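Colleague: After the structure tokens below, expect a handful of questions from me.
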Amino acid sequence: RPQIIAAKAMSLPPGDAARKGLFEEAIKGYSEFISKHPKSPELESAAYGRALCEFQIGEFDKAAASLRENITKFANSGTIDSSKNLLAITLATQGGEALTKDGGDKEAGLAKLREAEEILRGIIDGKKDLALVNDANFQLGEILSMRAAFTPESDRQPIYEQAAAAYMAVLPKETIVAMQDEKVK
């Protein structure tokens, strides 16, 4: 049921007044499922769903906590890289907010970006899910570009070069599909 509510919320435009309420309802449903079924094989998926809904309504600290818990509990899961990827995006969002907000803690923002980079590099190095690796390369390029913009000018060039390398590692969709087809064979 929370999946259906979350899907309905996702289908609404970001400015729709009902969107946040639906995400909150989905979060409640996921939380109830998690507390009632702590041994369920669907626990990882429910925690991920809750975190995704929390992210969608800007509850980044809660989303990060849910994802960190998922990563700890299900470290050996074949799908845990999805939680790691969303955690990296969450941290990057928080870091970006800290960097661009008047009076924001710039050092804390940069630290969040560096943590997100580390997570994405782990996904890329692991090479488990080709599509996720491709997405991680793109996200890494975005994060490195943002970090470079807030780094002293004398230190920027190597970070921009890393960003360019990450962007260049992104493969066209057709290539990823062909690689996955080959992997399945």
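Residues in the structure tokens are numbered from 1 in each chain, the chains being A, B, ... in the order shown, and ligands are numbered from 1 in the order shown.
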So that I can see what lies close to Lys173 in chain A, please list as a ChimeraX atom specification the residues with an atom at most 12 Å from it, counting only C-alpha atoms and leaving out residues fewer than 2 positions away in the same chain.
Modeller: /A:130-132,134-135,170-171,175-180
Colleague: Next, the residues of the selection above should be written as a PDB file, in the first residue's frame with C-alpha atoms.
Modeller:
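Printed below is again21.pdb as written:
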ATOM      1  CA  LEU A 130      26.020  -1.256 -14.934  1.00  0.00           C
ATOM      2  CA  ALA A 131      23.148   1.236 -15.137  1.00  0.00           C
ATOM      3  CA  LEU A 132      23.762   2.351 -11.549  1.00  0.00           C
ATOM      4  CA  ASN A 134      26.684   4.867 -15.204  1.00  0.00           C
ATOM      5  CA  ASP A 135      24.397   7.040 -13.083  1.00  0.00           C
ATOM      6  CA  VAL A 170      29.168   7.965 -18.697  1.00  0.00           C
ATOM      7  CA  LEU A 171      28.173   5.584 -21.474  1.00  0.00           C
ATOM      8  CA  THR A 175      25.862   0.723 -24.791  1.00  0.00           C
ATOM      9  CA  ILE A 176      24.613   0.018 -21.260  1.00  0.00           C
ATOM     10  CA  VAL A 177      21.667  -1.999 -22.595  1.00  0.00           C
ATOM     11  CA  ALA A 178      23.966  -4.018 -24.851  1.00  0.00           C
ATOM     12  CA  MET A 179      26.382  -4.653 -21.970  1.00  0.00           C
ATOM     13  CA  GLN A 180      23.554  -5.788 -19.705  1.00  0.00           C
TER      14      GLN A 180
END
Colleague: List as a PyMOL selection string the protein and nucleic acid residues near Pro158 in chain A, meaning an atom at most 10 Å away when only C-alpha atoms are counted, but skip any in the same chain fewer than 5 places from it.
Modeller: chain A and resi 144+148+163-164
Colleague: Skipping near chain neighbours, those fewer than 4 positions away, what residues fall within 12 Å of Ala111 in chain A using only C-alpha atoms, listed as a PyMOL selection string?
Modeller: chain A and resi 88+91-92+94-96+98-99+105-107+115-118+143+147+150-151
Colleague: Identify, on the basis of only C-alpha atoms, every residue whose closest approach to range 58-65 of chain A does not exceed 8 Å; exclude the query and any residue fewer than 6 positions from it along the same chain; express the result as a list in words.
Modeller: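 So the residues in contact are Arg50, Ala51, Leu52, Leu87, Thr90, Leu91 and Gln94 of chain A.
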Colleague: Using only C-alpha atoms, pick whichever of A:Arg1, A:Lys101, A:Arg68, A:Arg19 has the shortest atom-to-atom distance to Ser83 in chain A.
Modeller: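 So, comparing all the options, the nearest one is A:Arg68.
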Colleague: Report the distance between CA of Ala46 in chain A and CA of Ala7 in chain A in Å, rounded to one decimal place.
Modeller: 13.6 Å
Colleague: Rounded to one decimal place, report the CA of Glu42 in chain A-CA of Ile71 in chain A distance in Å.
Modeller: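 Interatomic distance, CA of Glu42 in chain A to CA of Ile71 in chain A: 14.4 Å.
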Colleague: Out of range 5-83 of chain A, which residues get helix (DSSP H, G or I) from DSSP, as a PyMOL selection string?
Modeller: chain A and resi 5-11+17-36+43-56+60-73+80-83
Colleague: Skipping near chain neighbours, those fewer than 4 positions away, what residues fall within 7 Å of Ala136 in chain A using only C-alpha atoms, listed as a PyMOL selection string?
Modeller: chain A and resi 120+123-124+132+140
Colleague: Identify which of the residues A:Lys185, A:Gly122, A:Cys53, A:Glu44 lies closest to Thr79 in chain A, counting only C-alpha atoms when measuring atom-to-atom distances.
Modeller: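 When distances to Thr79 in chain A are compared using only C-alpha atoms, the smallest one comes from A:Glu44.
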Colleague: Counting only C-alpha atoms, what is within 8 Å of Ile57 in chain A, bar same-chain residues fewer than 3 positions away, as a JSON list (two decimals) with all heavy atoms, in the first residue's frame?
Modeller:
[["chain", "number", "residue", "atom", "x", "y", "z"],
["A", 20, "LYS", "N", 2.94, 16.47, -1.06],
["A", 20, "LYS", "CA", 3.62, 16.29, 0.22],
["A", 20, "LYS", "C", 2.79, 15.41, 1.16],
["A", 20, "LYS", "O", 3.34, 14.53, 1.82],
["A", 20, "LYS", "CB", 3.93, 17.64, 0.88],
["A", 20, "LYS", "CG", 4.71, 17.48, 2.17],
["A", 20, "LYS", "CD", 5.11, 18.79, 2.79],
["A", 20, "LYS", "CE", 5.90, 18.52, 4.05],
["A", 20, "LYS", "NZ", 6.24, 19.72, 4.78],
["A", 23, "PHE", "N", 3.17, 11.81, 0.19],
["A", 23, "PHE", "CA", 4.48, 11.28, 0.60],
["A", 23, "PHE", "C", 4.50, 11.02, 2.11],
["A", 23, "PHE", "O", 5.02, 10.00, 2.57],
["A", 23, "PHE", "CB", 5.63, 12.22, 0.21],
["A", 23, "PHE", "CG", 6.08, 12.04, -1.21],
["A", 23, "PHE", "CD1", 6.11, 13.12, -2.08],
["A", 23, "PHE", "CD2", 6.50, 10.81, -1.69],
["A", 23, "PHE", "CE1", 6.54, 12.97, -3.39],
["A", 23, "PHE", "CE2", 6.93, 10.65, -3.00],
["A", 23, "PHE", "CZ", 6.95, 11.73, -3.85],
["A", 53, "CYS", "N", 10.80, 8.64, -0.13],
["A", 53, "CYS", "CA", 9.71, 9.58, 0.15],
["A", 53, "CYS", "C", 10.21, 10.74, 1.01],
["A", 53, "CYS", "O", 9.85, 11.90, 0.77],
["A", 53, "CYS", "CB", 8.56, 8.87, 0.85],
["A", 53, "CYS", "SG", 7.68, 7.69, -0.19],
["A", 54, "GLU", "N", 11.04, 10.42, 2.01],
["A", 54, "GLU", "CA", 11.60, 11.47, 2.87],
["A", 54, "GLU", "C", 12.44, 12.45, 2.02],
["A", 54, "GLU", "O", 12.35, 13.67, 2.21],
["A", 54, "GLU", "CB", 12.45, 10.85, 3.98],
["A", 54, "GLU", "CG", 11.62, 10.11, 5.01],
["A", 54, "GLU", "CD", 12.41, 9.17, 5.90],
["A", 54, "GLU", "OE1", 13.55, 8.78, 5.54],
["A", 54, "GLU", "OE2", 11.87, 8.79, 6.95]]
Colleague: Between A:Lys8, A:Lys28, A:His37, A:Arg121, which is the closest to Asn85 in chain A once you count only C-alpha atoms?
Modeller: A:Arg121
